[in-house]
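Coordinates from run_8.cif are shown below (mmCIF, C-alpha atoms and all ligand atoms).
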```cif
data_coords
loop_
_atom_site.group_PDB
_atom_site.id
_atom_site.type_symbol
_atom_site.label_atom_id
_atom_site.label_comp_id
_atom_site.auth_asym_id
_atom_site.auth_seq_id
_atom_site.Cartn_x
_atom_site.Cartn_y
_atom_site.Cartn_z
ATOM 1 C CA MET A 291 25.451 18.166 209.009
ATOM 2 C CA LYS A 292 28.424 17.800 211.323
ATOM 3 C CA ILE A 293 30.708 20.749 211.882
ATOM 4 C CA TYR A 294 34.364 20.316 212.787
ATOM 5 C CA LEU A 295 36.942 22.835 213.892
ATOM 6 C CA ALA A 296 40.555 22.473 212.750
ATOM 7 C CA GLU A 297 42.945 21.532 215.538
ATOM 8 C CA HIS A 298 45.127 24.602 214.923
ATOM 9 C CA ARG A 299 43.181 27.668 213.860
ATOM 10 C CA GLY A 300 42.945 31.372 214.493
ATOM 11 C CA PHE A 301 45.351 33.455 216.536
ATOM 12 C CA CYS A 302 48.922 32.242 216.756
ATOM 13 C CA TYR A 303 50.873 32.832 219.948
ATOM 14 C CA GLY A 304 52.478 36.073 218.702
ATOM 15 C CA VAL A 305 49.248 37.643 217.457
ATOM 16 C CA LYS A 306 47.337 36.667 220.600
ATOM 17 C CA ARG A 307 50.082 38.181 222.719
ATOM 18 C CA ALA A 308 50.052 41.415 220.676
ATOM 19 C CA VAL A 309 46.256 41.734 220.846
ATOM 20 C CA ASP A 310 46.213 41.037 224.606
ATOM 21 C CA MET A 311 48.939 43.636 225.138
ATOM 22 C CA ALA A 312 47.005 46.173 223.045
ATOM 23 C CA ILE A 313 43.725 45.562 224.877
ATOM 24 C CA SER A 314 45.330 45.824 228.294
ATOM 25 C CA SER A 315 47.095 49.051 227.294
ATOM 26 C CA ALA A 316 43.741 50.776 226.651
ATOM 27 C CA ASP A 317 43.725 53.768 228.916
ATOM 28 C CA GLU A 318 41.114 56.464 229.226
ATOM 29 C CA GLY A 319 43.676 58.804 230.694
ATOM 30 C CA CYS A 320 46.038 58.848 227.730
ATOM 31 C CA LEU A 321 46.283 58.460 223.975
ATOM 32 C CA VAL A 322 47.053 54.954 222.698
ATOM 33 C CA HIS A 323 48.086 54.237 219.106
ATOM 34 C CA THR A 324 49.293 51.180 217.233
ATOM 35 C CA LEU A 325 51.975 51.731 214.626
ATOM 36 C CA GLY A 326 50.388 49.993 211.642
ATOM 37 C CA PRO A 327 47.349 47.691 212.024
ATOM 38 C CA ILE A 328 47.962 45.292 214.912
ATOM 39 C CA ILE A 329 46.510 42.453 212.845
ATOM 40 C CA HIS A 330 44.940 42.131 209.406
ATOM 41 C CA ASN A 331 41.410 41.867 210.677
ATOM 42 C CA PRO A 332 38.891 44.686 210.286
ATOM 43 C CA GLN A 333 36.634 43.484 213.123
ATOM 44 C CA MET A 334 39.523 43.535 215.566
ATOM 45 C CA ILE A 335 40.683 46.967 214.380
ATOM 46 C CA ASN A 336 37.131 48.219 215.046
ATOM 47 C CA ARG A 337 37.066 46.639 218.483
ATOM 48 C CA LEU A 338 40.337 48.374 219.370
ATOM 49 C CA LYS A 339 38.896 51.637 218.048
ATOM 50 C CA GLU A 340 35.978 51.220 220.431
ATOM 51 C CA LEU A 341 38.524 50.953 223.256
ATOM 52 C CA GLY A 342 40.054 54.234 222.098
ATOM 53 C CA ILE A 343 43.079 52.645 220.411
ATOM 54 C CA LYS A 344 43.784 54.186 217.017
ATOM 55 C CA THR A 345 45.961 52.929 214.186
ATOM 56 C CA VAL A 346 48.487 55.227 212.539
ATOM 57 C CA ASP A 347 51.101 54.617 209.857
ATOM 58 C CA GLN A 348 53.802 56.986 211.094
ATOM 59 C CA LEU A 349 55.213 57.902 214.503
ATOM 60 C CA ALA A 350 54.911 61.549 213.438
ATOM 61 C CA GLU A 351 51.128 61.181 213.738
ATOM 62 C CA ILE A 352 51.378 60.419 217.480
ATOM 63 C CA PRO A 353 51.610 63.531 219.647
ATOM 64 C CA GLU A 354 51.923 61.787 223.049
ATOM 65 C CA GLY A 355 50.878 58.773 225.090
ATOM 66 C CA LYS A 356 51.503 55.107 224.311
ATOM 67 C CA VAL A 357 52.666 53.481 221.085
ATOM 68 C CA ILE A 358 52.097 49.772 220.503
ATOM 69 C CA ILE A 359 54.621 48.015 218.282
ATOM 70 C CA ARG A 360 52.887 45.163 216.485
ATOM 71 C CA SER A 361 54.050 41.557 216.197
ATOM 72 C CA HIS A 362 55.955 42.181 212.906
ATOM 73 C CA GLY A 363 58.480 44.343 214.736
ATOM 74 C CA VAL A 364 60.089 47.628 213.700
ATOM 75 C CA ALA A 365 63.477 49.174 212.939
ATOM 76 C CA PRO A 366 65.801 50.203 215.786
ATOM 77 C CA ALA A 367 65.354 53.830 214.696
ATOM 78 C CA ILE A 368 61.664 53.660 215.623
ATOM 79 C CA TYR A 369 62.500 52.841 219.253
ATOM 80 C CA ARG A 370 64.893 55.793 219.356
ATOM 81 C CA GLN A 371 62.346 58.161 217.780
ATOM 82 C CA ALA A 372 59.605 57.008 220.169
ATOM 83 C CA GLU A 373 61.913 57.550 223.141
ATOM 84 C CA ASN A 374 62.836 61.020 221.886
ATOM 85 C CA LYS A 375 59.128 61.852 221.749
ATOM 86 C CA HIS A 376 58.736 60.522 225.313
ATOM 87 C CA LEU A 377 56.163 57.977 224.190
ATOM 88 C CA THR A 378 55.554 54.896 226.332
ATOM 89 C CA ILE A 379 56.540 51.917 224.174
ATOM 90 C CA ILE A 380 54.411 48.758 224.380
ATOM 91 C CA ASP A 381 56.597 46.308 222.476
ATOM 92 C CA ALA A 382 54.397 43.512 221.110
ATOM 93 C CA THR A 383 57.020 42.275 218.625
ATOM 94 C CA CYS A 384 56.573 38.505 218.450
ATOM 95 C CA PRO A 385 59.483 36.833 220.289
ATOM 96 C CA HIS A 386 60.144 34.719 217.163
ATOM 97 C CA VAL A 387 60.510 37.881 215.076
ATOM 98 C CA LYS A 388 62.725 39.406 217.751
ATOM 99 C CA LYS A 389 64.955 36.347 217.510
ATOM 100 C CA ALA A 390 65.275 36.814 213.728
ATOM 101 C CA GLN A 391 66.058 40.525 214.177
ATOM 102 C CA GLN A 392 68.714 39.764 216.779
ATOM 103 C CA ALA A 393 70.259 36.964 214.709
ATOM 104 C CA ALA A 394 70.516 39.253 211.685
ATOM 105 C CA HIS A 395 72.005 42.025 213.820
ATOM 106 C CA GLU A 396 74.595 39.731 215.392
ATOM 107 C CA LEU A 397 75.607 38.257 212.045
ATOM 108 C CA VAL A 398 76.131 41.628 210.397
ATOM 109 C CA THR A 399 78.043 42.895 213.442
ATOM 110 C CA ALA A 400 80.295 39.816 213.251
ATOM 111 C CA GLY A 401 81.137 40.632 209.633
ATOM 112 C CA TYR A 402 78.859 38.211 207.799
ATOM 113 C CA LYS A 403 77.020 39.106 204.613
ATOM 114 C CA VAL A 404 73.432 38.568 205.723
ATOM 115 C CA VAL A 405 70.818 37.108 203.408
ATOM 116 C CA ILE A 406 67.205 37.317 204.552
ATOM 117 C CA VAL A 407 64.998 34.716 202.917
ATOM 118 C CA GLY A 408 61.524 36.220 202.729
ATOM 119 C CA GLU A 409 59.070 38.513 200.967
ATOM 120 C CA PRO A 410 60.923 41.811 200.386
ATOM 121 C CA HIS A 411 57.944 44.089 201.101
ATOM 122 C CA HIS A 412 56.622 42.255 204.138
ATOM 123 C CA PRO A 413 56.806 44.512 207.227
ATOM 124 C CA GLU A 414 58.558 41.811 209.238
ATOM 125 C CA VAL A 415 61.274 41.422 206.576
ATOM 126 C CA GLN A 416 61.635 45.191 206.430
ATOM 127 C CA SER A 417 62.152 45.231 210.200
ATOM 128 C CA ILE A 418 64.809 42.469 210.065
ATOM 129 C CA LEU A 419 66.556 44.341 207.244
ATOM 130 C CA ALA A 420 66.634 47.483 209.367
ATOM 131 C CA TRP A 421 68.401 45.554 212.151
ATOM 132 C CA THR A 422 71.234 44.890 209.646
ATOM 133 C CA ASN A 423 71.466 48.600 208.930
ATOM 134 C CA GLN A 424 69.927 47.917 205.486
ATOM 135 C CA GLU A 425 73.037 45.880 204.602
ATOM 136 C CA ALA A 426 71.376 42.479 204.113
ATOM 137 C CA ALA A 427 70.229 41.085 200.782
ATOM 138 C CA VAL A 428 66.595 39.941 200.663
ATOM 139 C CA ILE A 429 65.736 37.047 198.388
ATOM 140 C CA GLU A 430 62.569 35.051 197.896
ATOM 141 C CA THR A 431 63.308 32.477 195.186
ATOM 142 C CA PRO A 432 65.972 29.920 194.227
ATOM 143 C CA ALA A 433 66.603 31.947 191.023
ATOM 144 C CA GLU A 434 67.487 34.991 193.142
ATOM 145 C CA ALA A 435 69.798 32.824 195.271
ATOM 146 C CA GLU A 436 71.634 31.634 192.146
ATOM 147 C CA LYS A 437 72.299 35.224 191.126
ATOM 148 C CA LEU A 438 74.066 36.197 194.369
ATOM 149 C CA PRO A 439 77.888 36.425 194.212
ATOM 150 C CA ASN A 440 80.237 34.429 196.483
ATOM 151 C CA TYR A 441 80.942 35.799 199.954
ATOM 152 C CA SER A 442 83.734 34.985 202.407
ATOM 153 C CA ARG A 443 81.210 34.681 205.268
ATOM 154 C CA LEU A 444 77.506 34.235 204.751
ATOM 155 C CA GLY A 445 74.722 34.332 207.363
ATOM 156 C CA ILE A 446 71.164 33.315 206.495
ATOM 157 C CA VAL A 447 68.013 34.340 208.360
ATOM 158 C CA ALA A 448 64.403 33.440 207.481
ATOM 159 C CA GLN A 449 61.161 35.396 207.576
ATOM 160 C CA THR A 450 59.294 33.610 210.371
ATOM 161 C CA THR A 451 56.344 32.665 208.154
ATOM 162 C CA PHE A 452 58.407 31.509 205.172
ATOM 163 C CA ALA A 453 57.581 28.008 203.858
ATOM 164 C CA ALA A 454 60.129 25.562 205.302
ATOM 165 C CA ASN A 455 60.573 23.560 202.073
ATOM 166 C CA LYS A 456 61.201 26.724 200.035
ATOM 167 C CA PHE A 457 63.716 27.933 202.620
ATOM 168 C CA ASP A 458 65.600 24.616 202.467
ATOM 169 C CA ALA A 459 65.760 24.766 198.650
ATOM 170 C CA ILE A 460 67.225 28.279 198.794
ATOM 171 C CA VAL A 461 69.729 27.337 201.521
ATOM 172 C CA ALA A 462 70.923 24.393 199.408
ATOM 173 C CA ILE A 463 71.902 26.873 196.668
ATOM 174 C CA LEU A 464 73.455 29.391 199.060
ATOM 175 C CA LYS A 465 75.692 26.695 200.542
ATOM 176 C CA SER A 466 77.801 26.843 197.380
ATOM 177 C CA LYS A 467 78.299 30.601 197.757
ATOM 178 C CA SER A 468 80.544 30.641 200.806
ATOM 179 C CA GLU A 469 83.150 28.594 202.696
ATOM 180 C CA GLU A 470 81.845 29.876 206.013
ATOM 181 C CA ILE A 471 78.112 29.827 206.391
ATOM 182 C CA ARG A 472 75.765 30.278 209.360
ATOM 183 C CA ILE A 473 72.138 29.326 209.020
ATOM 184 C CA GLU A 474 69.586 30.760 211.463
ATOM 185 C CA ARG A 475 66.411 28.800 210.757
ATOM 186 C CA THR A 476 64.130 31.404 212.285
ATOM 187 C CA ILE A 477 60.957 29.859 210.894
ATOM 188 C CA CYS A 478 57.972 29.702 213.244
ATOM 189 C CA THR A 479 55.965 26.470 213.191
ATOM 190 C CA ALA A 480 52.555 28.118 213.783
ATOM 191 C CA THR A 481 51.871 28.637 210.071
ATOM 192 C CA ASP A 482 52.840 25.072 209.145
ATOM 193 C CA PHE A 483 50.744 23.620 211.960
ATOM 194 C CA ARG A 484 47.698 25.601 210.857
ATOM 195 C CA GLN A 485 48.096 24.572 207.220
ATOM 196 C CA GLN A 486 48.647 20.920 208.115
ATOM 197 C CA ALA A 487 45.575 20.930 210.388
ATOM 198 C CA ALA A 488 43.493 22.514 207.589
ATOM 199 C CA VAL A 489 44.573 19.823 205.113
ATOM 200 C CA ASN A 490 43.927 17.027 207.640
ATOM 201 C CA LEU A 491 40.431 18.332 208.284
ATOM 202 C CA ALA A 492 39.686 19.061 204.614
ATOM 203 C CA LYS A 493 40.372 15.388 203.836
ATOM 204 C CA LYS A 494 37.597 14.377 206.241
ATOM 205 C CA VAL A 495 34.845 16.806 205.268
ATOM 206 C CA ASP A 496 32.871 17.841 202.179
ATOM 207 C CA VAL A 497 33.430 21.565 202.384
ATOM 208 C CA MET A 498 35.783 23.907 204.214
ATOM 209 C CA ILE A 499 34.971 27.382 205.531
ATOM 210 C CA VAL A 500 38.112 29.479 205.960
ATOM 211 C CA VAL A 501 37.635 32.531 208.160
ATOM 212 C CA GLY A 502 39.856 35.591 208.031
ATOM 213 C CA GLY A 503 40.419 39.081 206.659
ATOM 214 C CA LYS A 504 40.290 39.315 202.863
ATOM 215 C CA ASN A 505 43.693 41.026 203.024
ATOM 216 C CA SER A 506 45.226 38.292 205.188
ATOM 217 C CA ALA A 507 47.745 36.340 203.092
ATOM 218 C CA ASN A 508 47.949 33.409 205.508
ATOM 219 C CA THR A 509 44.130 32.998 205.470
ATOM 220 C CA ALA A 510 44.119 32.968 201.661
ATOM 221 C CA ARG A 511 46.862 30.323 201.777
ATOM 222 C CA LEU A 512 44.725 28.147 204.073
ATOM 223 C CA ALA A 513 41.910 28.241 201.522
ATOM 224 C CA SER A 514 44.262 27.356 198.696
ATOM 225 C CA VAL A 515 45.824 24.357 200.506
ATOM 226 C CA CYS A 516 42.310 22.966 201.023
ATOM 227 C CA GLN A 517 41.425 23.585 197.361
ATOM 228 C CA ASP A 518 44.707 21.941 196.310
ATOM 229 C CA ILE A 519 43.440 18.635 197.703
ATOM 230 C CA GLY A 520 40.221 19.025 195.731
ATOM 231 C CA LYS A 521 37.848 20.313 198.417
ATOM 232 C CA PRO A 522 35.630 23.362 197.991
ATOM 233 C CA ALA A 523 36.910 26.019 200.393
ATOM 234 C CA TYR A 524 35.228 29.380 200.913
ATOM 235 C CA HIS A 525 37.216 32.289 202.315
ATOM 236 C CA ILE A 526 34.913 34.529 204.331
ATOM 237 C CA GLU A 527 35.542 37.420 206.655
ATOM 238 C CA SER A 528 32.408 37.091 208.779
ATOM 239 C CA ALA A 529 29.342 34.903 209.386
ATOM 240 C CA SER A 530 27.113 37.153 207.251
ATOM 241 C CA GLU A 531 28.876 35.900 204.106
ATOM 242 C CA LEU A 532 27.871 32.252 204.617
ATOM 243 C CA LYS A 533 25.539 30.971 201.894
ATOM 244 C CA PRO A 534 23.046 28.115 202.519
ATOM 245 C CA ASP A 535 23.814 26.746 199.015
ATOM 246 C CA TRP A 536 27.298 25.739 200.137
ATOM 247 C CA PHE A 537 25.841 23.127 202.485
ATOM 248 C CA ILE A 538 23.347 21.391 200.183
ATOM 249 C CA ASN A 539 23.947 17.611 200.421
ATOM 250 C CA VAL A 540 26.895 18.233 202.732
ATOM 251 C CA GLN A 541 27.360 15.656 205.519
ATOM 252 C CA ALA A 542 30.355 17.273 207.175
ATOM 253 C CA ALA A 543 31.840 20.759 207.046
ATOM 254 C CA GLY A 544 35.118 22.039 208.483
ATOM 255 C CA ILE A 545 36.106 25.424 209.834
ATOM 256 C CA THR A 546 39.588 26.852 209.990
ATOM 257 C CA ALA A 547 40.839 30.401 210.411
ATOM 258 C CA GLY A 548 43.922 32.477 209.702
ATOM 259 C CA ALA A 549 46.403 33.640 212.332
ATOM 260 C CA SER A 550 44.730 37.030 212.593
ATOM 261 C CA THR A 551 41.155 35.817 213.118
ATOM 262 C CA PRO A 552 39.741 36.399 216.618
ATOM 263 C CA ASP A 553 37.967 33.513 218.362
ATOM 264 C CA TRP A 554 34.683 35.405 218.588
ATOM 265 C CA VAL A 555 34.549 35.711 214.758
ATOM 266 C CA ILE A 556 35.111 31.938 214.440
ATOM 267 C CA LYS A 557 32.363 31.355 217.011
ATOM 268 C CA GLU A 558 29.901 33.524 215.083
ATOM 269 C CA VAL A 559 30.627 31.552 211.910
ATOM 270 C CA TYR A 560 30.156 28.291 213.749
ATOM 271 C CA GLU A 561 26.835 29.410 215.235
ATOM 272 C CA ARG A 562 25.563 30.714 211.901
ATOM 273 C CA MET A 563 26.412 27.384 210.267
ATOM 274 C CA GLU A 564 24.464 25.643 213.020
ATOM 275 C CA GLU A 565 21.458 27.863 212.288
ATOM 276 C CA LEU A 566 21.702 27.260 208.559
ATOM 277 C CA THR A 567 21.863 23.509 208.865
ATOM 278 C CA MET A 568 20.121 23.011 212.232
ATOM 279 C CA HIS A 569 20.571 19.389 213.241
ATOM 280 C CA ASP A 570 23.191 16.815 214.133
ATOM 281 C CA VAL A 571 25.922 19.264 214.925
ATOM 282 C CA ILE A 572 28.894 18.378 217.095
ATOM 283 C CA HIS A 573 31.629 20.630 218.338
ATOM 284 C CA LEU A 574 35.132 19.238 218.317
ATOM 285 C CA GLU A 575 38.337 20.854 219.445
ATOM 286 C CA ASN A 576 40.707 18.450 217.767
ATOM 287 C CA GLY A 577 39.234 18.073 214.299
ATOM 288 C CA SER A 578 38.970 14.262 214.586
ATOM 289 C CA LEU A 579 35.807 12.613 213.333
ATOM 290 C CA ILE A 580 33.612 11.064 215.989
ATOM 291 C CA LYS A 581 29.930 10.216 215.874
ATOM 292 C CA GLY A 582 27.635 13.050 216.910
HETATM 293 FE FE1 LIG A 601 54.943 34.988 215.833
HETATM 294 FE FE2 LIG A 601 54.755 32.817 214.426
HETATM 295 FE FE3 LIG A 601 52.646 34.221 214.903
HETATM 296 S S1 LIG A 601 56.312 34.360 214.253
HETATM 297 S S2 LIG A 601 53.339 36.292 215.093
HETATM 298 S S3 LIG A 601 53.878 33.125 216.431
HETATM 299 S S4 LIG A 601 53.076 33.171 213.011
#
```
Spell out the structure here as structure tokens.
Ligand code: F3S
Amino acid sequence: MKIYLAEHRGFCYGVKRAVDMAISSADEGCLVHTLGPIIHNPQMINRLKELGIKTVDQLAEIPEGKVIIRSHGVAPAIYRQAENKHLTIIDATCPHVKKAQQAAHELVTAGYKVVIVGEPHHPEVQSILAWTNQEAAVIETPAEAEKLPNYSRLGIVAQTTFAANKFDAIVAILKSKSEEIRIERTICTATDFRQQAAVNLAKKVDVMIVVGGKNSANTARLASVCQDIGKPAYHIESASELKPDWFINVQAAGITAGASTPDWVIKEVYERMEELTMHDVIHLENGSLIKG
């Protein structure tokens, strides 16, 4: 069996940056906490724990030391509260999220009604909303866009991981709601690239293994885009979940991984698949099929 790795897989730029910042902030001399899990991956949370970095849900739980703000970003009030507590802030907000926060803030300050297109309960959307002083509307579907009233000035911002085609459909409706409209297309391409690479690879192989936390929405989406083109795709969190049955009569298998999956977890899966199937394995970085 040949094993291929998707061209875009695993950590995106923002998650890698946040994890690197967290790891390098580990400090035996002081307490280090992340506000919310830094990524949706239990293995990584454990690794950080081993380095002495704990996860908390509220600033109130941190008595002193360093606080790491994760890639989703937080409300402006959190920075103020952390400063008042004399905590050292390690700001790992993804620069793409920061851009969305700033765009929303500038629009609301300039007198625009801000509409955030995204999942209302997602922490990133909550953080963007906070930068509008809770004044923005959050919508997720074209039906919700239809229901909005007309505004004299309308500014639109996107959740960074929102699907581009869905965003465009919603914007098309919102265009009829205002004479003066500003569109900030704050969508990050990392998610699209990863999904496209998964589909491209799934077309070439017999089975796809999708690696990532069971609570990671973007990993689940990778599995479903592979299944949508008719390929079996198994969502696993670690190598121990691989089953030999999945590879019976399989000539080629593909591996992809969600944005919160560390490289070492992908490597363990790859090595376990090698062990299970033993021969004729090739390692590719770009997902293209070449003879092994
Ligand atoms: Fe940032 Fe895009 Fe990742 S917004 S956290 S690089 S998915």
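Restricting the atom set to only C-alpha atoms and all ligand atoms, one finds that the residues within 8 Å of ligand LIG 601 (chain A) amount to A:Phe301, A:Cys302, A:Tyr303, A:Gly304, A:Val305, A:Ser361, A:His362, A:Thr383, A:Cys384, A:Pro385, A:His386, A:Val387, A:Thr450, A:Thr451, A:Ile477, A:Cys478, A:Thr479, A:Ala480, A:Thr481, A:Ala549.
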Residues of the last selection are to be written out with C-alpha atoms, as a short mmCIF file (atom, residue, chain, number, x, y, z; two decimals), keeping the file's coordinate frame.
```
data_model
loop_
_atom_site.label_atom_id
_atom_site.label_comp_id
_atom_site.auth_asym_id
_atom_site.auth_seq_id
_atom_site.Cartn_x
_atom_site.Cartn_y
_atom_site.Cartn_z
CA PHE A 301 45.35 33.46 216.54
CA CYS A 302 48.92 32.24 216.76
CA TYR A 303 50.87 32.83 219.95
CA GLY A 304 52.48 36.07 218.70
CA VAL A 305 49.25 37.64 217.46
CA SER A 361 54.05 41.56 216.20
CA HIS A 362 55.96 42.18 212.91
CA THR A 383 57.02 42.28 218.62
CA CYS A 384 56.57 38.51 218.45
CA PRO A 385 59.48 36.83 220.29
CA HIS A 386 60.14 34.72 217.16
CA VAL A 387 60.51 37.88 215.08
CA THR A 450 59.29 33.61 210.37
CA THR A 451 56.34 32.66 208.15
CA ILE A 477 60.96 29.86 210.89
CA CYS A 478 57.97 29.70 213.24
CA THR A 479 55.96 26.47 213.19
CA ALA A 480 52.56 28.12 213.78
CA THR A 481 51.87 28.64 210.07
CA ALA A 549 46.40 33.64 212.33
#
```
### Query
So which one's closest to Lys292 in chain A, A:Met498, A:Leu532, A:Ile368, A:Ile556? Using all atoms listed in the file, please.
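Among the listed residues, A:Met498 lies closest to Lys292 in chain A.
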#### Entry: Residue neighbourhood range 437-440 of chain A, 7 Å, all atoms listed in the file, exclusion window fewer than 4 positions, as a PyMOL selection string
chain A and resi 433+467-468
Limited to C-alpha atoms, could you put the picked residues into a file as a compact mmCIF listing (two decimals), in the frame of the given file?
```txt
# COMPACT_ATOMS: atom_id res chain seq x y z
CA ALA A 433 66.60 31.95 191.02
CA LYS A 467 78.30 30.60 197.76
CA SER A 468 80.54 30.64 200.81
```
### Query
So how many Å separate CA of Ile463 in chain A and CA of Leu397 in chain A, to one decimal?
19.5 Å
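You can rank A:Met334, A:Ala487, A:Ala542, A:Met563 by their closest distance to Glu297 in chain A using all atoms listed in the file, and at the top of that list sits A:Ala487.
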### Message
For this structure, which residues satisfy the selection - the PyMOL selection byres (((chain A and resi 351) around 12) and not hetatm) - when it is evaluated on the file as given? I want them as a ChimeraX atom specification.
### Response
/A:321-326,344-350,352-355,357,372,375
### Task
For each of A:Lys533, A:His330, A:Lys339, A:Lys356, take the minimum atom-to-atom distance to Asn505 in chain A, counting all atoms listed in the file, then give the residue where this is smallest.
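Among the listed residues, the smallest separation from Asn505 in chain A belongs to A:His330.
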Reference answer for the PyMOL selection byres (((chain A and resi 471) around 8) and not hetatm), as a JSON list (two decimals) with C-alpha atoms, keeping the file's coordinate frame:
```
[["chain", "number", "residue", "atom", "x", "y", "z"],
["A", 443, "ARG", "CA", 81.21, 34.68, 205.27],
["A", 444, "LEU", "CA", 77.51, 34.24, 204.75],
["A", 445, "GLY", "CA", 74.72, 34.33, 207.36],
["A", 446, "ILE", "CA", 71.16, 33.32, 206.50],
["A", 465, "LYS", "CA", 75.69, 26.70, 200.54],
["A", 468, "SER", "CA", 80.54, 30.64, 200.81],
["A", 469, "GLU", "CA", 83.15, 28.59, 202.70],
["A", 470, "GLU", "CA", 81.84, 29.88, 206.01],
["A", 472, "ARG", "CA", 75.76, 30.28, 209.36],
["A", 473, "ILE", "CA", 72.14, 29.33, 209.02]]
```
